[in-house]
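What follows is a short report on a single structure.
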Amino acid sequence: MAIIGAAMASCTSNLKLNENNIDAIVEAMTLEEKAQLIIGVGMPGIPVDQPVIGASDAGKVPGAAGFTATIERLGIPAIALCDGPAGLRISPTREGDSQTYYCTHFPIGTLLASTWDTELVKKVGTAMGNEVLEYGGDVLLAPAVNIHRNPLCGRNFEYYSEDPVVTGKIAAAYIEGIQSNGVGTSIKHFAFNSQETNRMNNNALIDVRTMREIYLKGFEIAIKEAQPWTVMSSYNYINGTYTSESKDLLTGVLRDEWGFKGTVMTDWFGGANGADQVAAGNDMLQPGRQTQYNDIVKAVNEGTLSIDDVNTSVKRILTLIVKSPTFKAYQYSNKPDLKAHAQITRQSATEGMVLLENKGALPFGANVKNVAVFGNTAYSWIAGGTGSGDVNRAYTVNLIDGLKGAGYSVNDGLKESYLAWFEKEEQANAEINNERRQSFLPSLLPREMKIENSVLAKEAQAQDIALIVIGRLSGEGSDRNLAGDFELSKDETELIKNVTTAFHARGKKAVVVLNIGGVIETASWKNIPDAVLCAWQGGQEGGNSVADVLSGKANPSGKLTMTWPVKYYDHPSSKNFPLGKKAAMLNMKFDGQTRSDEKDVDYTQYEEGIWVGYRWFNTKNTKVSYPFGYGLSYTSFEYSNAAIKSEGNAIIVTVDVKNTGKVAGKEVVQLYVSAPKGAVEKPSSELKAFAKTETLEPGASTSVTLKVNASDLTSFVPAENAWVLDEGEYIFCVGASSRDIKAKLNAKLGSWKKQASMAFTAR
């Protein structure tokens, strides 16, 4: 083989890759070169076997997650694959270089989705994509669009929603924004990656209807509407097969049914057998391992892997390369406009914050000038989650600095006490946090500092209002806990009670600000303070963004994209989730381990089926702390003149929205549909469309149009292997949330069916 390859090389030395000769390049490549292009070039610092041949311009973008191989004789350059999705993740410093290469940390995915504003998300994506371009990147490994199956999934901060329509529409806008710069995206993790515990080897056991309606639908919407350049397969198994080795998923559903034309890559070190991955339609195996290279070459030589499958993967990779800025020799500046992008992240963060409670405490009135601030993360603000979703940024604005910048006075004595407390806690947790950081896991946050009653009384006398900040950190590689994470710790609960009591005794108000990445328990304490603002994690400008909302400079218009249960065990997935299980990422083998049968670790039964989030809570009429789609405003809105009509195979719903309050604001209009009985049981209603108004001044109105196609109303019927629209009367519900319905409209629809082109069976 080596002699044949050498002969080929001598005969084709003048052939260089361009967009019109990909087939000729593939024909000219040796099997070894093809295998090398497929597997990538390894990852510095990771102690696994490395590829055997090929060179890479890996120094081009230090800190990039991966590269493709350079094949100089055929003019094939290496392209850079860079982590996201809250911003470009590269090394901020470089050896022998005094300059810094910081990137903008934008809001986390959950916050962006909570804006319900596709145009705003597209704007954020455009700014993010510009940094990828100007720092020499080619593909951003984002967005992450897995479903919030359970509130304790450690990576929910990167994901958008428990609902696939919100997920798909927000992801499509994000992709369009990034790719408008001429760089690519990699929508991930395809699919069923809804827990971090044993994520590299967990076997997700899911029925076919649930797969298609819940866990694949968001991907389908985004891929069809925005055409991402690449798709990233997930680590986990689906019904006994690694997703990166599932031909049903990667070829049958993704390509044959959805028409995806781009490249599929693995998550880093995902899957086991390189030949099986290529045969399934997983084109690129990142960052590459010697064993995968050997698998491919051996299987082709032995006839167990078709060279046609290899050639197909190579063509897809080359098609990706010729679209890239690197191939087009773009002269990147290394100087994106970080100041302009900081303003974009600051403004976007305000629109995704969700006002949960407000008894007249927000926005701050003219009488509020001095603010008492309690809670660790007020002084050490959490910009986002950890792992590949983190960003090496120049700074993070904490809430104290944000308040001062907005003209408020903050007691520096409290600040000094908190900083001294942080130093003590950091020393106590140093060893375990060092181990966690090395393992890509989130650090432990300091315990909440106890505040003496005498200090509280003094603050209540001297200050005009109290802020109590509750923070949570989560990240890649581990799931969250129940005690002290989903639930407040005893110290946190006492802090809220004691601060509120002290300030109420002086006739003053107390506000809780949540600096969190995912759902926490609120039912037991939310009525104690005078307001609760879910600020999420708004990126590097977070403190400024929160101050903008507290002061009234910005009116919060975010709404929840997930249900907040009264208790964790009210959640339907709680019966089948690895609560408290220990399976850190560092203990997982990269090529498949010998699995035992530990429930929710080695396998997870998605027993709840389609009954995810509000589909369960609303159908069963279960009490919740906050429903899906919920969010308050500093103003009020009136809905009127709801109307419905048909246009071809689409239903068009219109409604007028008027700002009836005293300040300008935006409203999120949501359309839920209740279907008649059919071949399968259905939720009481499902979100099918949404829109956010422009800013409405007091007294102003706008007309909102919501469109639903007949295909959007179908259910998947496994017995028929088809998407089926049942004949009968459908109720179209216009709402301000899933439980705040403003108008109901009826429409009789005929039956409709679309056969699935292949049977993705649950084995």
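Ordered as shown in the structure tokens, chains take letters A, B, and onward, while each chain numbers its residues from 1 and ligands are numbered from 1 in the order shown.
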Find the residues around range 163-180 of chain A up to 6 Å (only C-alpha atoms counted), leave out those fewer than 2 positions away in its own chain, and share them as a list in words.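 In the requested format, the answer is Thr118, Val121, Lys122, Gly125, Thr126, Gly129, Tyr160, Ser161, Gly182, Val183, Gly184, Lys217, Gly218, Ile221, Ala222 and Ala226 of chain A.
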For Ile470 in chain A, list every protein, DNA or RNA residue within 12 Å, evaluated using only C-alpha atoms, and leave out those in the same chain fewer than 6 positions away; present the list as a PyMOL selection string. chain A and resi 373-382+399+445-449+484-489+491-493+495-496+511-517+520-522+532-537
Please, could you write that set of residues out with C-alpha atoms as a tab-separated table (two decimals), in the first residue's frame?
chain	number	residue	atom	x	y	z
A	373	VAL	CA	-25.72	43.70	48.95
A	374	PHE	CA	-25.55	40.21	50.47
A	375	GLY	CA	-24.50	36.88	49.00
A	376	ASN	CA	-21.21	35.49	47.77
A	377	THR	CA	-21.75	35.77	44.06
A	378	ALA	CA	-22.67	39.43	44.20
A	379	TYR	CA	-18.96	39.98	44.78
A	380	SER	CA	-17.76	37.14	42.58
A	381	TRP	CA	-20.25	37.09	39.72
A	382	ILE	CA	-20.70	33.88	37.72
A	399	LEU	CA	-22.91	43.13	40.67
A	445	LEU	CA	-18.48	27.52	45.48
A	446	PRO	CA	-17.78	28.98	48.93
A	447	ARG	CA	-20.39	28.43	51.60
A	448	GLU	CA	-22.65	31.37	52.25
A	449	MET	CA	-21.21	33.71	54.86
A	484	GLY	CA	-27.53	22.79	48.50
A	485	ASP	CA	-27.86	23.06	44.73
A	486	PHE	CA	-31.39	22.54	43.45
A	487	GLU	CA	-32.52	23.27	46.98
A	488	LEU	CA	-31.12	26.21	48.92
A	489	SER	CA	-28.67	25.48	51.67
A	491	ASP	CA	-27.31	29.22	55.23
A	492	GLU	CA	-28.93	30.62	52.09
A	493	THR	CA	-32.45	30.21	53.41
A	495	LEU	CA	-29.83	34.74	54.78
A	496	ILE	CA	-32.99	35.45	52.79
A	511	VAL	CA	-34.87	41.62	46.54
A	512	VAL	CA	-33.40	38.21	45.63
A	513	VAL	CA	-31.28	37.98	42.47
A	514	LEU	CA	-30.58	34.50	41.07
A	515	ASN	CA	-27.19	34.15	39.34
A	516	ILE	CA	-27.84	30.61	38.14
A	517	GLY	CA	-27.54	28.39	35.08
A	520	ILE	CA	-33.65	25.76	41.51
A	521	GLU	CA	-36.37	25.22	44.11
A	522	THR	CA	-38.27	28.44	44.86
A	532	VAL	CA	-37.17	37.74	42.76
A	533	LEU	CA	-35.19	38.32	39.57
A	534	CYS	CA	-33.74	35.35	37.69
A	535	ALA	CA	-30.70	36.97	36.11
A	536	TRP	CA	-29.26	33.67	34.84
A	537	GLN	CA	-25.59	33.99	33.84
Find the residues near Val519 in chain A: any atom within 12 Å, counting only C-alpha atoms, skip ones fewer than 2 places away on the same chain, and give them as a ChimeraX atom specification. /A:110-111,148-157,161-162,471-474,480-482,485-488,514-517,521-523,534-536,560-568,571,613,625-628
If you run DSSP on the backbone, which residues of range 169-409 of chain A are strand (DSSP E), as a PyMOL selection string? chain A and resi 184-190+203-205+230-233+237-238+241-242+263-266+354-358+370-374+409
File dump, residues just selected, N, CA and C atoms, as a CSV table (one decimal), in the first residue's frame:
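That gives us again-v9.csv:
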chain,number,residue,atom,x,y,z
A,184,GLY,N,-18.3,28.4,10.1
A,184,GLY,CA,-19.3,27.3,10.3
A,184,GLY,C,-19.7,27.1,11.7
A,185,THR,N,-20.7,26.4,11.9
A,185,THR,CA,-21.2,25.9,13.3
A,185,THR,C,-21.2,24.4,13.3
A,186,SER,N,-21.3,23.9,14.5
A,186,SER,CA,-21.4,22.4,14.7
A,186,SER,C,-22.5,22.2,15.7
A,187,ILE,N,-23.7,22.0,15.3
A,187,ILE,CA,-24.9,21.8,16.2
A,187,ILE,C,-24.7,20.5,16.9
A,188,LYS,N,-24.9,20.6,18.3
A,188,LYS,CA,-24.5,19.4,19.1
A,188,LYS,C,-25.5,19.3,20.3
A,189,HIS,N,-25.5,18.2,21.0
A,189,HIS,CA,-24.8,16.9,20.8
A,189,HIS,C,-25.8,16.0,20.3
A,190,PHE,N,-25.7,15.5,19.1
A,190,PHE,CA,-26.7,14.8,18.3
A,190,PHE,C,-26.5,13.3,18.6
A,203,ASN,N,-26.1,4.5,28.2
A,203,ASN,CA,-27.0,4.0,27.2
A,203,ASN,C,-28.4,4.5,27.4
A,204,ALA,N,-28.8,5.5,26.5
A,204,ALA,CA,-30.1,6.1,26.6
A,204,ALA,C,-31.1,5.2,26.0
A,205,LEU,N,-32.1,4.7,26.8
A,205,LEU,CA,-33.1,3.8,26.3
A,205,LEU,C,-34.4,4.6,26.1
A,230,THR,N,-21.8,21.8,10.1
A,230,THR,CA,-21.5,20.5,10.6
A,230,THR,C,-22.5,20.1,11.7
A,231,VAL,N,-22.6,18.8,12.0
A,231,VAL,CA,-23.3,18.3,13.2
A,231,VAL,C,-22.3,17.5,14.0
A,232,MET,N,-22.4,17.6,15.3
A,232,MET,CA,-21.5,16.8,16.2
A,232,MET,C,-22.3,15.7,16.9
A,233,SER,N,-21.9,14.5,16.7
A,233,SER,CA,-22.6,13.4,17.3
A,233,SER,C,-22.2,13.3,18.8
A,237,TYR,N,-24.7,6.1,24.1
A,237,TYR,CA,-25.3,5.1,23.2
A,237,TYR,C,-26.8,5.5,23.1
A,238,ILE,N,-27.4,5.1,22.0
A,238,ILE,CA,-28.9,5.1,21.9
A,238,ILE,C,-29.4,3.7,21.7
A,241,THR,N,-26.4,1.3,20.8
A,241,THR,CA,-25.4,1.7,19.8
A,241,THR,C,-24.9,3.1,20.0
A,242,TYR,N,-23.6,3.3,20.0
A,242,TYR,CA,-23.1,4.6,20.1
A,242,TYR,C,-23.7,5.5,19.0
A,263,THR,N,-21.1,18.1,7.1
A,263,THR,CA,-20.2,17.1,7.7
A,263,THR,C,-20.6,16.7,9.1
A,264,VAL,N,-20.5,15.5,9.4
A,264,VAL,CA,-20.7,15.0,10.8
A,264,VAL,C,-19.4,14.7,11.5
A,265,MET,N,-19.2,15.3,12.7
A,265,MET,CA,-18.0,15.0,13.4
A,265,MET,C,-18.4,14.4,14.8
A,266,THR,N,-17.5,13.7,15.4
A,266,THR,CA,-17.7,13.2,16.7
A,266,THR,C,-17.5,14.3,17.8
A,354,VAL,N,-35.6,37.0,33.8
A,354,VAL,CA,-37.0,36.7,34.0
A,354,VAL,C,-37.4,37.2,35.4
A,355,LEU,N,-38.3,38.1,35.4
A,355,LEU,CA,-38.8,38.7,36.7
A,355,LEU,C,-39.8,37.7,37.2
A,356,LEU,N,-39.5,37.0,38.3
A,356,LEU,CA,-40.4,36.0,38.9
A,356,LEU,C,-41.4,36.5,39.9
A,357,GLU,N,-41.0,37.4,40.7
A,357,GLU,CA,-41.9,38.0,41.7
A,357,GLU,C,-41.6,39.5,41.8
A,358,ASN,N,-42.6,40.3,42.1
A,358,ASN,CA,-42.4,41.7,42.3
A,358,ASN,C,-43.6,42.3,43.0
A,370,ASN,N,-28.8,54.0,48.2
A,370,ASN,CA,-27.8,53.2,48.9
A,370,ASN,C,-28.3,51.8,49.0
A,371,VAL,N,-27.5,50.9,48.5
A,371,VAL,CA,-27.9,49.5,48.4
A,371,VAL,C,-27.0,48.6,49.3
A,372,ALA,N,-27.7,47.7,50.1
A,372,ALA,CA,-27.0,46.7,50.9
A,372,ALA,C,-27.0,45.4,50.1
A,373,VAL,N,-25.8,44.9,49.8
A,373,VAL,CA,-25.7,43.7,49.0
A,373,VAL,C,-25.2,42.5,49.7
A,374,PHE,N,-25.9,41.4,49.7
A,374,PHE,CA,-25.5,40.2,50.5
A,374,PHE,C,-25.5,39.0,49.5
A,409,SER,N,-24.8,53.7,45.6
A,409,SER,CA,-23.7,53.6,46.7
A,409,SER,C,-23.9,52.2,47.3
Smallest atom-to-atom distance to Phe760 in chain A: which of A:Phe716, A:Trp268, A:Phe440, A:Tyr730, using only C-alpha atoms?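 Under the stated criterion, the closest residue is A:Phe716.
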Length of the CA of Ala142 in chain A to CA of Leu81 in chain A vector [Å]: 10.4 Å
Counting only C-alpha atoms, which residue out of A:Asn746, A:Ser478, A:Ser646, A:Asn14 sits closest to Val673 in chain A? A:Asn746
